[in-house]
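model_8.txt (compact mmCIF, C-alpha atoms)
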# COMPACT_ATOMS: atom_id res chain seq x y z
CA MET M 1 17.32 -5.48 27.93
CA SER M 2 14.70 -2.79 28.56
CA SER M 3 14.73 -1.79 24.88
CA LEU M 4 14.20 -5.43 23.89
CA GLN M 5 11.23 -5.68 26.24
CA ILE M 6 9.74 -2.47 24.83
CA MET M 7 10.05 -3.84 21.30
CA ALA M 8 8.46 -7.11 22.45
CA LEU M 9 5.54 -5.25 24.02
CA LEU M 10 4.96 -3.15 20.90
CA SER M 11 5.12 -6.23 18.69
CA GLY M 12 2.68 -8.12 20.90
CA MET M 13 0.22 -5.24 21.08
CA ALA M 14 0.38 -4.76 17.30
CA GLY M 15 -0.29 -8.48 16.89
CA LEU M 16 -3.23 -8.23 19.28
CA GLY M 17 -4.70 -5.35 17.27
CA ALA M 18 -4.34 -7.30 14.03
CA THR M 19 -5.97 -10.35 15.65
CA ILE M 20 -8.95 -8.28 16.78
CA ALA M 21 -9.28 -6.72 13.31
CA ALA M 22 -9.22 -10.15 11.67
CA THR M 23 -11.79 -11.55 14.10
CA VAL M 24 -14.41 -8.87 13.47
CA SER M 25 -13.75 -8.69 9.72
CA ASN M 26 -16.25 -10.10 7.23
CA GLU M 27 -13.64 -10.91 4.58
CA TRP M 28 -12.44 -14.35 5.60
CA LYS M 29 -13.46 -15.64 2.20
CA ALA M 30 -14.68 -13.76 -0.83
CA THR M 31 -15.92 -14.34 -4.36
CA SER M 32 -17.02 -12.12 -7.23
CA ARG M 33 -19.66 -12.52 -9.87
CA ALA M 34 -19.17 -10.02 -12.68
CA SER M 35 -19.93 -9.83 -16.37
CA SER M 36 -18.59 -6.26 -16.35
CA VAL M 37 -17.25 -3.74 -13.88
CA ILE M 38 -20.62 -2.03 -13.58
CA THR M 39 -22.57 -5.18 -12.70
CA ALA M 40 -19.93 -6.66 -10.39
CA THR M 41 -21.20 -8.28 -7.21
CA TRP M 42 -19.05 -9.43 -4.31
CA VAL M 43 -20.01 -12.07 -1.79
CA LEU M 44 -18.09 -12.02 1.49
CA GLN M 45 -18.23 -14.31 4.46
CA GLY M 46 -16.69 -14.02 7.91
CA LEU M 47 -16.91 -15.74 11.23
CA TRP M 48 -20.03 -13.82 12.22
CA ASN M 49 -21.73 -12.41 9.09
CA ASN M 50 -22.49 -13.10 5.44
CA CYS M 51 -22.24 -10.00 3.25
CA ALA M 52 -22.98 -9.05 -0.35
CA GLY M 53 -21.92 -5.86 -2.10
CA ASN M 54 -22.01 -4.35 -5.56
CA ALA M 55 -20.01 -1.90 -7.62
CA ILE M 56 -22.19 1.04 -6.51
CA GLY M 57 -20.87 0.63 -2.96
CA ALA M 58 -23.89 -0.89 -1.26
CA LEU M 59 -23.05 -3.61 1.24
CA HIS M 60 -25.62 -5.73 3.02
CA CYS M 61 -24.74 -8.15 5.82
CA ARG M 62 -26.69 -10.60 7.90
CA PRO M 63 -25.40 -12.68 10.80
CA HIS M 64 -25.34 -16.44 10.81
CA HIS M 65 -28.78 -17.62 11.80
CA THR M 66 -27.87 -20.27 14.32
CA ILE M 67 -24.83 -21.62 16.10
CA PHE M 68 -25.88 -25.25 16.17
CA LYS M 69 -26.26 -25.56 12.40
CA LEU M 70 -23.00 -23.74 11.76
CA GLU M 71 -20.19 -25.79 10.31
CA GLY M 72 -17.68 -27.18 12.77
CA TYR M 73 -14.61 -25.48 11.37
CA ILE M 74 -16.22 -22.04 11.71
CA GLN M 75 -17.04 -22.71 15.37
CA ALA M 76 -13.48 -23.91 15.95
CA CYS M 77 -12.08 -20.78 14.32
CA ARG M 78 -14.32 -18.62 16.47
CA GLY M 79 -13.10 -20.27 19.65
CA LEU M 80 -9.44 -20.04 18.63
CA MET M 81 -9.66 -16.36 17.70
CA ILE M 82 -11.44 -15.46 20.95
CA SER M 83 -8.79 -17.38 22.87
CA ALA M 84 -6.07 -15.54 20.95
CA ILE M 85 -7.58 -12.17 21.87
CA CYS M 86 -7.89 -13.07 25.56
CA LEU M 87 -4.33 -14.41 25.73
CA GLY M 88 -2.98 -11.35 23.92
CA PHE M 89 -4.80 -9.03 26.32
CA PHE M 90 -3.41 -10.82 29.37
CA GLY M 91 0.04 -10.88 27.75
CA SER M 92 -0.03 -7.10 27.22
CA THR M 93 -1.16 -6.49 30.80
CA PHE M 94 1.44 -8.74 32.39
CA ALA M 95 4.16 -7.39 30.10
CA LEU M 96 3.51 -3.85 31.34
CA VAL M 97 3.84 -5.05 34.94
CA GLY M 98 6.92 -7.21 34.37
CA MET M 99 9.02 -4.78 32.32
CA LYS M 100 12.20 -3.41 33.90
CA CYS M 101 11.31 0.18 33.04
CA THR M 102 8.12 0.13 35.17
CA LYS M 103 8.01 0.57 38.94
CA ILE M 104 5.28 -1.97 39.67
CA GLY M 105 5.54 -5.70 40.08
CA GLY M 106 7.75 -6.01 43.16
CA THR M 107 11.31 -7.28 43.10
CA ASP M 108 13.36 -7.99 39.99
CA LYS M 109 12.81 -11.72 40.46
CA ASN M 110 9.03 -11.31 40.53
CA LYS M 111 9.11 -8.96 37.53
CA ALA M 112 11.15 -11.51 35.59
CA ARG M 113 8.57 -14.21 36.30
CA ILE M 114 5.70 -11.93 35.27
CA ALA M 115 7.46 -10.94 32.04
CA CYS M 116 8.14 -14.59 31.22
CA PHE M 117 4.45 -15.39 31.83
CA ALA M 118 3.51 -12.53 29.50
CA GLY M 119 5.81 -13.94 26.83
CA VAL M 120 4.15 -17.34 27.10
CA ASN M 121 0.72 -15.70 26.73
CA PHE M 122 1.85 -13.91 23.56
CA LEU M 123 3.21 -17.16 22.16
CA LEU M 124 -0.04 -19.01 22.85
CA SER M 125 -2.04 -16.13 21.36
CA GLY M 126 -0.03 -16.26 18.15
CA ILE M 127 -0.36 -20.05 17.93
CA CYS M 128 -4.16 -19.87 18.37
CA SER M 129 -4.54 -17.17 15.72
CA LEU M 130 -2.21 -18.98 13.33
CA SER M 131 -4.11 -22.25 13.78
CA SER M 132 -7.48 -20.59 13.20
CA CYS M 133 -6.46 -18.80 10.00
CA SER M 134 -4.66 -21.86 8.66
CA LEU M 135 -7.66 -24.11 9.33
CA TYR M 136 -10.00 -21.71 7.56
CA ALA M 137 -7.63 -21.29 4.60
CA HIS M 138 -7.21 -25.07 4.30
CA ARG M 139 -11.00 -25.47 4.04
CA ILE M 140 -11.25 -22.79 1.36
CA THR M 141 -8.43 -24.18 -0.77
CA SER M 142 -9.63 -27.78 -0.47
CA GLU M 143 -13.10 -26.76 -1.69
CA PHE M 144 -11.71 -24.55 -4.45
CA PHE M 145 -9.50 -27.26 -5.98
CA ASP M 146 -12.01 -30.09 -5.47
CA PRO M 147 -13.56 -30.93 -8.86
CA MET M 148 -16.46 -32.71 -7.14
CA PHE M 149 -17.45 -29.60 -5.17
CA VAL M 150 -20.30 -27.99 -7.12
CA ALA M 151 -21.35 -25.23 -4.71
CA GLN M 152 -20.06 -21.66 -4.75
CA LYS M 153 -16.28 -21.56 -4.52
CA TYR M 154 -14.52 -18.85 -2.56
CA GLU M 155 -11.02 -17.43 -2.41
CA LEU M 156 -8.86 -16.31 0.49
CA GLY M 157 -10.05 -13.07 2.05
CA ALA M 158 -8.04 -10.17 3.43
CA ALA M 159 -8.83 -11.10 7.04
CA LEU M 160 -6.76 -14.27 6.75
CA PHE M 161 -3.64 -12.33 5.81
CA ILE M 162 -4.27 -9.86 8.63
CA GLY M 163 -4.64 -12.75 11.06
CA TRP M 164 -1.44 -14.39 9.86
CA SER M 165 0.44 -11.11 10.27
CA GLY M 166 -0.94 -10.65 13.78
CA SER M 167 0.01 -14.18 14.80
CA ILE M 168 3.59 -13.68 13.60
CA LEU M 169 3.86 -10.43 15.55
CA CYS M 170 2.52 -12.08 18.72
CA ILE M 171 4.94 -14.99 18.41
CA LEU M 172 7.81 -12.59 17.77
CA GLY M 173 6.90 -10.47 20.80
CA GLY M 174 6.59 -13.49 23.07
CA THR M 175 9.93 -14.87 21.90
CA MET M 176 11.70 -11.56 22.53
CA LEU M 177 10.22 -11.34 26.02
CA CYS M 178 11.39 -14.84 26.92
CA PHE M 179 14.87 -14.18 25.50
CA SER M 180 15.15 -10.93 27.43
CA ILE M 181 14.51 -12.76 30.70
CA ALA M 182 17.02 -15.50 29.81
CA GLY M 183 19.67 -12.90 28.93
CA SER M 184 19.17 -10.96 32.15
CA LYS M 185 19.44 -14.13 34.25
CA SER M 186 22.68 -15.23 32.60
CA ARG M 187 24.16 -11.75 33.00
CA SER M 188 23.24 -11.57 36.72
CA GLN M 189 24.80 -15.00 37.35
CA ALA M 190 28.01 -13.94 35.59
CA ASN M 191 28.25 -10.78 37.69
CA TYR M 192 27.69 -12.77 40.86
CA ILE M 193 30.45 -15.25 40.01
CA TYR M 194 32.88 -12.47 39.11
CA LYS M 195 32.23 -10.52 42.29
CA GLY M 196 32.45 -13.64 44.42
CA ASN M 197 35.88 -14.54 43.05
CA ALA M 198 37.22 -10.99 43.17
CA SER M 199 36.33 -10.54 46.83
CA HIS M 200 38.83 -13.20 47.91
CA ILE M 201 41.78 -12.11 45.77
CA SER M 202 44.00 -9.12 46.53
CA SER M 203 45.71 -6.87 44.04
CA TYR M 204 49.15 -8.45 44.37
CA PRO M 205 51.22 -9.13 41.23
CA ARG M 206 50.82 -12.41 39.44
CA GLY M 207 52.64 -15.19 41.23
CA GLN M 208 52.46 -13.33 44.55
CA ALA M 209 48.73 -13.24 45.09
CA LYS M 210 47.44 -14.19 48.50
CA LEU M 211 44.12 -14.19 50.27
CA VAL M 212 42.94 -10.89 51.64
CA THR M 213 41.52 -12.56 54.73
CA GLN M 214 44.88 -14.22 55.54
CA ARG M 215 46.51 -12.51 58.52
CA PRO M 216 50.30 -11.91 58.53
CA PRO M 217 52.33 -13.94 61.04
CA PRO M 218 52.96 -12.17 64.36
CA ASP M 219 56.25 -10.32 64.68
CA TYR M 220 57.99 -11.27 67.92
CA SER M 221 61.20 -9.30 67.21
CA ASN M 222 60.01 -6.10 68.92
CA SER M 223 58.85 -7.92 72.04
CA SER M 224 62.17 -9.83 72.35
CA ARG M 225 64.12 -6.60 72.02
CA MET M 226 62.07 -4.96 74.75
CA GLN M 227 62.65 -7.91 77.10
CA HIS M 228 66.43 -7.76 76.43
CA PHE M 229 66.42 -4.02 77.11
CA ASP M 230 64.62 -4.51 80.41
CA LYS M 231 67.15 -7.08 81.54
CA ASN M 232 70.07 -4.74 80.80
CA VAL M 233 68.41 -1.92 82.72
CA TYR M 234 67.89 -4.07 85.83
CA VAL M 235 71.46 -5.38 85.67
Transcribe the structure of this file into structure tokens.
Amino acid sequence: MSSLQIMALLSGMAGLGATIAATVSNEWKATSRASSVITATWVLQGLWNNCAGNAIGALHCRPHHTIFKLEGYIQACRGLMISAICLGFFGSTFALVGMKCTKIGGTDKNKARIACFAGVNFLLSGICSLSSCSLYAHRITSEFFDPMFVAQKYELGAALFIGWSGSILCILGGTMLCFSIAGSKSRSQANYIYKGNASHISSYPRGQAKLVTQRPPPDYSNSSRMQHFDKNVYV
């Protein structure tokens, strides 16, 4: 089970890194205006900045001016991604403490509880990231296919795919952590039952087994012989 926990930790940390990369990226949605390759212009938008670049390689970004005038779905995505990062960080920390291959965390029972808590944090982190990216993608696609929407239409940016990948890795890592704890508990219970039954059964052949703790009946033949011998001597 230690190898499964190591794989879960690596998966969760990779998902956390992808979530951070998606959060700070400016490519949540993108569009291009080009009459030729030379005059191509790209417009990018993220959770924090609006950017514009051209074919020469120049890229100019400016942050969103105000929070209160920002659209509600962007604020919701910000909160969900920040929550996903915090949960993933706590999940990684608790997973290091609760793994069987580490020497911190106390007894095996406490380490199992900590590892299970880390798995739950990874699961919640993946769900938050998945919800944020899906909400943002739903808004982009609904505006793109709406014939009544006359403003600039955008397409899905690379940050959304990075966020989806990170959420899947976090959910996978949390699931493996929880399954590793469940497997270790079932195995320890099976060993306890086997040892408990084996301690009361001797190694006699089948059909002649008896309890080890059962004492054999006392043998009075030797004492009766000694008494008979004493009587003959005195006679």
Counting all atoms listed in the file, what is within 8 Å of region 151-160 of chain M, bar same-chain residues fewer than 5 positions away, as an MDAnalysis selection string?
-> chainID M and resid 21:23 25:31 133 137 140:141 143:144
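Going from CA of Lys103 (chain M) to CA of Cys86 (chain M) covers 24.9 Å.
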Selection: 7 Å around Asn121 (chain M), only C-alpha atoms, excl. self and same-chain fewer than 5 positions, as a ChimeraX atom specification | /M:87-88,90-91
Pick from M:Leu16, M:Leu169, M:Leu10, M:Ala182 nearest to Ile85 (chain M), counting all atoms listed in the file = M:Leu16
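Interatomic distance, CA of Met13 (chain M) to CA of Phe94 (chain M): 11.9 Å.
Each of M:Asn110, M:Gly79, M:Val97, M:Trp48 was checked against Thr66 (chain M) using only C-alpha atoms; the smallest atom-to-atom distance is that of M:Trp48.
Taking only C-alpha atoms into account, Leu4 (chain M) lies nearest to M:Met99 out of the set M:Met99, M:Leu135, M:Ile82, M:Ile56.
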Residues at most 8 Å from Ser11 (chain M), counting all atoms listed in the file, excluding those fewer than 5 positions away in the same chain, as a VMD selection string?
-> chain M and resid 169 to 170 172 to 173
May I have the protein, DNA and RNA residues with any atom at most 12 Å from the point (-24.4, -10.2, -3.8), counting all atoms listed in the file, written as a ChimeraX atom specification?
-> /M:30-34,39-45,50-62
Find the residues around Gly105 (chain M) up to 12 Å (all atoms listed in the file counted), leave out those fewer than 3 positions away in its own chain, and share them as a list in words.
-> Thr93, Phe94, Ala95, Leu96, Val97, Gly98, Met99, Lys100, Cys101, Thr102, Asp108, Lys109, Asn110, Lys111, Ala112, Arg113, Ile114 and Ala115 of chain M
Could you dump the residues just selected with C-alpha atoms as a compact mmCIF listing (two decimals), in the coordinates of the input?
# COMPACT_ATOMS: atom_id res chain seq x y z
CA THR M 93 -1.16 -6.49 30.80
CA PHE M 94 1.44 -8.74 32.39
CA ALA M 95 4.16 -7.39 30.10
CA LEU M 96 3.51 -3.85 31.34
CA VAL M 97 3.84 -5.05 34.94
CA GLY M 98 6.92 -7.21 34.37
CA MET M 99 9.02 -4.78 32.32
CA LYS M 100 12.20 -3.41 33.90
CA CYS M 101 11.31 0.18 33.04
CA THR M 102 8.12 0.13 35.17
CA ASP M 108 13.36 -7.99 39.99
CA LYS M 109 12.81 -11.72 40.46
CA ASN M 110 9.03 -11.31 40.53
CA LYS M 111 9.11 -8.96 37.53
CA ALA M 112 11.15 -11.51 35.59
CA ARG M 113 8.57 -14.21 36.30
CA ILE M 114 5.70 -11.93 35.27
CA ALA M 115 7.46 -10.94 32.04
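Counting all atoms listed in the file and comparing M:Phe179, M:Tyr136, M:Phe149, M:Trp164, the residue that lies closest to Gln5 (chain M) is M:Phe179.
The gap separating CA of Asn49 (chain M) from CA of His64 (chain M) is 5.7 Å, in Å to one decimal.
With only C-alpha atoms as the atoms that count, the minimum distance from Gly46 (chain M) to the choices M:Gln75, M:Phe68, M:Gly174, M:Gly15 is reached by M:Gln75.
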